[in-house]
Amino acid sequence: MISHDEVRDWDATDPLAPFRDRFALPEGLIYLDGNSLGALPRQTAARLKRVVEQEWGESLIRSWNDADWVDAPRRVGAKIARMIGAHEDEVVVADSTSVCLFKLLMAAAVTREGAILAEDDNFPTDAHVAGRAAELLDREYRPVPRARIAEALTEDVAAAVLTHVDYRTARRHDMAALNAKGVPIVWDLSHSVGAVPLDLKRDGAILAVGCGYKFLNGGPGAPAFLYVARDWQPRLDSPIAGWWGHKAPFDFSCSFEPAADIGRFLSGTPAMLGLLALESGVDLMLEADAALRWEKAVRLHDLFAARMAELCPTLERVTPDEAQERGSHIAFRHPNALAIVRALIERNVIGDFRTPDIARFGLTPLTLRFEDVWNATQIISEVIASEAWREARFQSGGPVT
Ligand SMILES: Cc1ncc(COP(=O)(O)O)c(C=O)c1O
């Protein structure tokens, strides 16, 4: 078994350790929820202050040109492209993940006859969007268990929505194998981007969306991004035509002609504060070597798993053993997972709960020390062994879990 001293040595020699100070993390807190809301990069606070006070406060509308706000959706998209193995002109930042998903799914589904395929136990928004798209297009809505997706990608499917890394179990789809089936797939990369190695071009992906506020540290409700492979861009039309998707918005023409590039998937004026906060988070992520990030994420998981197996052998881990089959969080099943998570939060260990019985802990290599995992697992095991979670105050709480 790994010793506490060994774990301290890992931190002392960790090449990513200096990144922790680049985030504004409260002293004494073990933050294991960067897969849900990424921590605040210090540079984002400074950037937003400048944007609010100078770019907005002093330059006002001139900033659309002078501070290049106008190009921010494509510029930040190009930076995210570097993280996901896409060309820089294949990604744009817009809207929320749900809206981006709707746009790409509708755009893809109208190009073929057939059903709309989705996972039957995915994050709800993916199911809602897929179901509504099927309704609007008068197609069959076909939800399928995640384990049976490969065989369900048949010729009579117009388009599918798949989440690359499952939000509960962290189980990762084999993107290349599923794309090879030839059905247009909109990949939801919400739990993948900034978390696991991604190479969309290599893996034959044509469409994808992802979240800005999780592993990209873009801030609460940060805008999302969407990816459309170059050769698909001229073939697809957004179902939400808006002036920002027009080829020349400032011509003010009421006849819609979509932009020739990825900008055709924009709709309305982008929320600039959120977009620039996201840019700052992405800039910070890009400073860290992606291979090192993933290597550390794997070690954080394996340390967490080994400690829990030793300290709490009855607790069922649901994340896969093999690193290449999972994302960057670890999750356990317990009938009282919600009360356990609440009891942990009171002890300054922040994870989250996903219904019906999952306690989930995000493993973010830029903010976490190996010793944080050592300490968190100790505290989790104490809460479970003492059954402290049974206390009345942990049986209810706020609506966000
Ligand atoms: C797989 C997945 N898709 C989408 C979302 C969120 O979508 P939105 O950004 O539209 O709220 C989440 C949020 O946790 C998610 O886990």
# chains A, B, ... in the order shown; residues from 1 in each chain; ligands from 1
>>> residues_near_ligand(ligand="ligand 1", cutoff="9 Å", atoms="only C-alpha atoms and all ligand atoms", output="PyMOL selection string")
chain A and resi 35-37+95-101+122-126+162-168+188-191+209-214+221-224
>>> select_by_dssp(residues="range 23-257 of chain A", states="strand (DSSP E or B)", output="ChimeraX atom specification")
/A:23,30-31,41,91-94,115-119,141-144,157-163,165,171-172,185-188,207-210,224-228,246
>>> closest_residue(among="A:Ile30, A:Ala241, A:Ile116, A:Ile2", to="Ile380 in chain A", atoms="only C-alpha atoms")
A:Ile30
>>> select_by_dssp(residues="range 244-342 of chain A", states="alpha helix (DSSP H)", output="MDAnalysis selection string")
chainID A and resid 272:287 290:311 337:342
>>> closest_residue(among="A:Gly362, A:Ala67, A:Phe225, A:Leu311", to="Val282 in chain A", atoms="only C-alpha atoms")
A:Phe225
>>> atom_distance(atom1="CA of Trp10 in chain A", atom2="CA of Val318 in chain A")
25.9 Å
>>> atom_distance(atom1="CA of Asp283 in chain A", atom2="CA of Leu105 in chain A")
28.8 Å
>>> residues_around(residues="Leu117 in chain A", least_positions_apart="4", cutoff="7 Å", atoms="only C-alpha atoms", output="list in words")
Tyr141, Arg142, Pro143, Val157, Ala159, Ala160 and Val161 of chain A
>>> decode(residues="range 43-190 of chain A", atoms="C-alpha atoms", output="CSV table (one decimal), in the first residue's frame")
chain,number,residue,atom,x,y,z
A,43,GLN,CA,-6.2,35.6,-13.8
A,44,THR,CA,-9.9,35.5,-14.6
A,45,ALA,CA,-10.7,37.8,-11.7
A,46,ALA,CA,-8.2,40.3,-13.0
A,47,ARG,CA,-9.3,39.9,-16.6
A,48,LEU,CA,-13.0,40.4,-15.7
A,49,LYS,CA,-12.2,43.5,-13.7
A,50,ARG,CA,-10.4,45.0,-16.7
A,51,VAL,CA,-13.2,44.0,-19.1
A,52,VAL,CA,-15.9,45.4,-16.8
A,53,GLU,CA,-14.1,48.6,-15.8
A,54,GLN,CA,-12.2,49.5,-19.0
A,55,GLU,CA,-13.6,47.6,-22.0
A,56,TRP,CA,-17.2,48.0,-20.9
A,57,GLY,CA,-17.1,50.9,-18.5
A,58,GLU,CA,-14.8,53.3,-20.5
A,59,SER,CA,-14.7,52.1,-24.1
A,60,LEU,CA,-18.3,51.0,-24.1
A,61,ILE,CA,-19.6,50.0,-27.6
A,62,ARG,CA,-16.2,50.7,-29.2
A,63,SER,CA,-14.9,47.5,-27.5
A,64,TRP,CA,-16.7,45.4,-30.0
A,65,ASN,CA,-14.1,46.5,-32.5
A,66,ASP,CA,-11.2,47.9,-30.3
A,67,ALA,CA,-11.1,45.0,-27.8
A,68,ASP,CA,-12.0,42.5,-30.6
A,69,TRP,CA,-15.1,41.3,-28.8
A,70,VAL,CA,-16.6,40.7,-32.2
A,71,ASP,CA,-14.2,37.9,-33.0
A,72,ALA,CA,-14.3,36.3,-29.5
A,73,PRO,CA,-16.6,33.4,-30.4
A,74,ARG,CA,-14.3,32.2,-33.1
A,75,ARG,CA,-11.1,33.2,-31.3
A,76,VAL,CA,-12.0,31.2,-28.2
A,77,GLY,CA,-13.3,28.4,-30.4
A,78,ALA,CA,-9.9,28.2,-32.1
A,79,LYS,CA,-8.3,27.8,-28.7
A,80,ILE,CA,-10.6,25.1,-27.6
A,81,ALA,CA,-10.0,23.4,-31.0
A,82,ARG,CA,-6.4,22.9,-29.9
A,83,MET,CA,-7.6,21.0,-26.9
A,84,ILE,CA,-9.8,18.6,-28.8
A,85,GLY,CA,-7.8,17.8,-31.9
A,86,ALA,CA,-9.8,19.9,-34.3
A,87,HIS,CA,-8.8,22.6,-36.8
A,88,GLU,CA,-9.1,26.1,-35.5
A,89,ASP,CA,-11.9,27.0,-37.9
A,90,GLU,CA,-14.0,24.1,-36.8
A,91,VAL,CA,-15.0,25.3,-33.3
A,92,VAL,CA,-17.1,28.3,-32.1
A,93,VAL,CA,-18.3,29.3,-28.7
A,94,ALA,CA,-22.0,30.0,-28.2
A,95,ASP,CA,-25.0,29.6,-26.1
A,96,SER,CA,-25.3,26.7,-23.6
A,97,THR,CA,-24.5,23.0,-24.2
A,98,SER,CA,-28.2,22.3,-24.5
A,99,VAL,CA,-28.7,24.9,-27.2
A,100,CYS,CA,-25.6,23.9,-29.2
A,101,LEU,CA,-26.8,20.3,-29.0
A,102,PHE,CA,-30.1,21.2,-30.4
A,103,LYS,CA,-28.6,23.2,-33.2
A,104,LEU,CA,-26.2,20.4,-34.3
A,105,LEU,CA,-28.7,17.6,-33.9
A,106,MET,CA,-31.4,19.3,-35.9
A,107,ALA,CA,-28.9,20.3,-38.6
A,108,ALA,CA,-27.6,16.8,-38.9
A,109,ALA,CA,-30.9,14.9,-38.7
A,110,VAL,CA,-32.5,16.8,-41.6
A,111,THR,CA,-29.8,15.5,-43.9
A,112,ARG,CA,-31.0,11.9,-43.6
A,113,GLU,CA,-34.1,9.9,-43.2
A,114,GLY,CA,-34.4,7.9,-40.0
A,115,ALA,CA,-34.7,7.8,-36.2
A,116,ILE,CA,-33.0,10.0,-33.6
A,117,LEU,CA,-30.9,7.8,-31.4
A,118,ALA,CA,-29.9,8.7,-27.8
A,119,GLU,CA,-28.7,7.0,-24.7
A,120,ASP,CA,-31.6,6.0,-22.4
A,121,ASP,CA,-29.8,7.0,-19.2
A,122,ASN,CA,-27.8,10.0,-20.3
A,123,PHE,CA,-27.6,13.5,-18.7
A,124,PRO,CA,-31.2,14.6,-19.0
A,125,THR,CA,-30.6,17.6,-21.3
A,126,ASP,CA,-29.3,15.2,-24.0
A,127,ALA,CA,-32.5,13.1,-23.8
A,128,HIS,CA,-34.7,16.2,-23.7
A,129,VAL,CA,-33.1,17.7,-26.7
A,130,ALA,CA,-33.1,14.5,-28.7
A,131,GLY,CA,-36.7,13.8,-27.9
A,132,ARG,CA,-37.8,17.3,-28.9
A,133,ALA,CA,-35.8,17.1,-32.1
A,134,ALA,CA,-37.5,13.9,-33.0
A,135,GLU,CA,-40.9,15.4,-32.3
A,136,LEU,CA,-40.2,18.5,-34.4
A,137,LEU,CA,-38.9,16.5,-37.3
A,138,ASP,CA,-41.6,13.8,-36.9
A,139,ARG,CA,-39.1,11.1,-36.5
A,140,GLU,CA,-38.9,8.1,-34.2
A,141,TYR,CA,-37.1,8.8,-30.9
A,142,ARG,CA,-35.0,5.8,-30.1
A,143,PRO,CA,-33.4,5.7,-26.6
A,144,VAL,CA,-31.0,2.8,-26.2
A,145,PRO,CA,-28.9,1.6,-23.2
A,146,ARG,CA,-25.3,2.9,-23.3
A,147,ALA,CA,-23.8,-0.6,-23.5
A,148,ARG,CA,-25.9,-1.4,-26.6
A,149,ILE,CA,-25.1,1.8,-28.6
A,150,ALA,CA,-22.6,0.2,-31.0
A,151,GLU,CA,-25.2,-2.3,-32.4
A,152,ALA,CA,-27.9,0.3,-32.5
A,153,LEU,CA,-26.0,2.6,-34.9
A,154,THR,CA,-27.7,1.2,-38.0
A,155,GLU,CA,-28.6,2.6,-41.4
A,156,ASP,CA,-32.1,3.6,-40.3
A,157,VAL,CA,-30.7,6.1,-37.8
A,158,ALA,CA,-30.6,9.7,-39.0
A,159,ALA,CA,-28.4,11.0,-36.2
A,160,ALA,CA,-27.4,10.1,-32.7
A,161,VAL,CA,-26.5,12.0,-29.5
A,162,LEU,CA,-23.8,10.4,-27.4
A,163,THR,CA,-22.0,11.6,-24.3
A,164,HIS,CA,-18.4,10.6,-24.6
A,165,VAL,CA,-17.8,10.3,-20.8
A,166,ASP,CA,-20.8,9.3,-18.8
A,167,TYR,CA,-21.7,11.9,-16.1
A,168,ARG,CA,-22.2,9.2,-13.4
A,169,THR,CA,-19.9,6.4,-14.1
A,170,ALA,CA,-17.2,8.2,-16.1
A,171,ARG,CA,-17.3,5.4,-18.5
A,172,ARG,CA,-15.9,6.5,-21.9
A,173,HIS,CA,-17.2,5.5,-25.3
A,174,ASP,CA,-14.8,4.3,-28.0
A,175,MET,CA,-15.3,7.4,-30.2
A,176,ALA,CA,-13.4,6.1,-33.2
A,177,ALA,CA,-15.2,2.7,-33.2
A,178,LEU,CA,-18.7,4.4,-33.0
A,179,ASN,CA,-17.9,7.0,-35.6
A,180,ALA,CA,-16.8,4.3,-37.9
A,181,LYS,CA,-20.4,3.0,-38.0
A,182,GLY,CA,-21.2,5.8,-40.4
A,183,VAL,CA,-24.2,7.4,-38.5
A,184,PRO,CA,-23.7,11.2,-37.9
A,185,ILE,CA,-23.1,11.4,-34.1
A,186,VAL,CA,-23.2,14.6,-32.1
A,187,TRP,CA,-20.7,14.0,-29.3
A,188,ASP,CA,-21.4,15.6,-26.0
A,189,LEU,CA,-17.9,16.3,-24.6
A,190,SER,CA,-19.0,18.0,-21.4
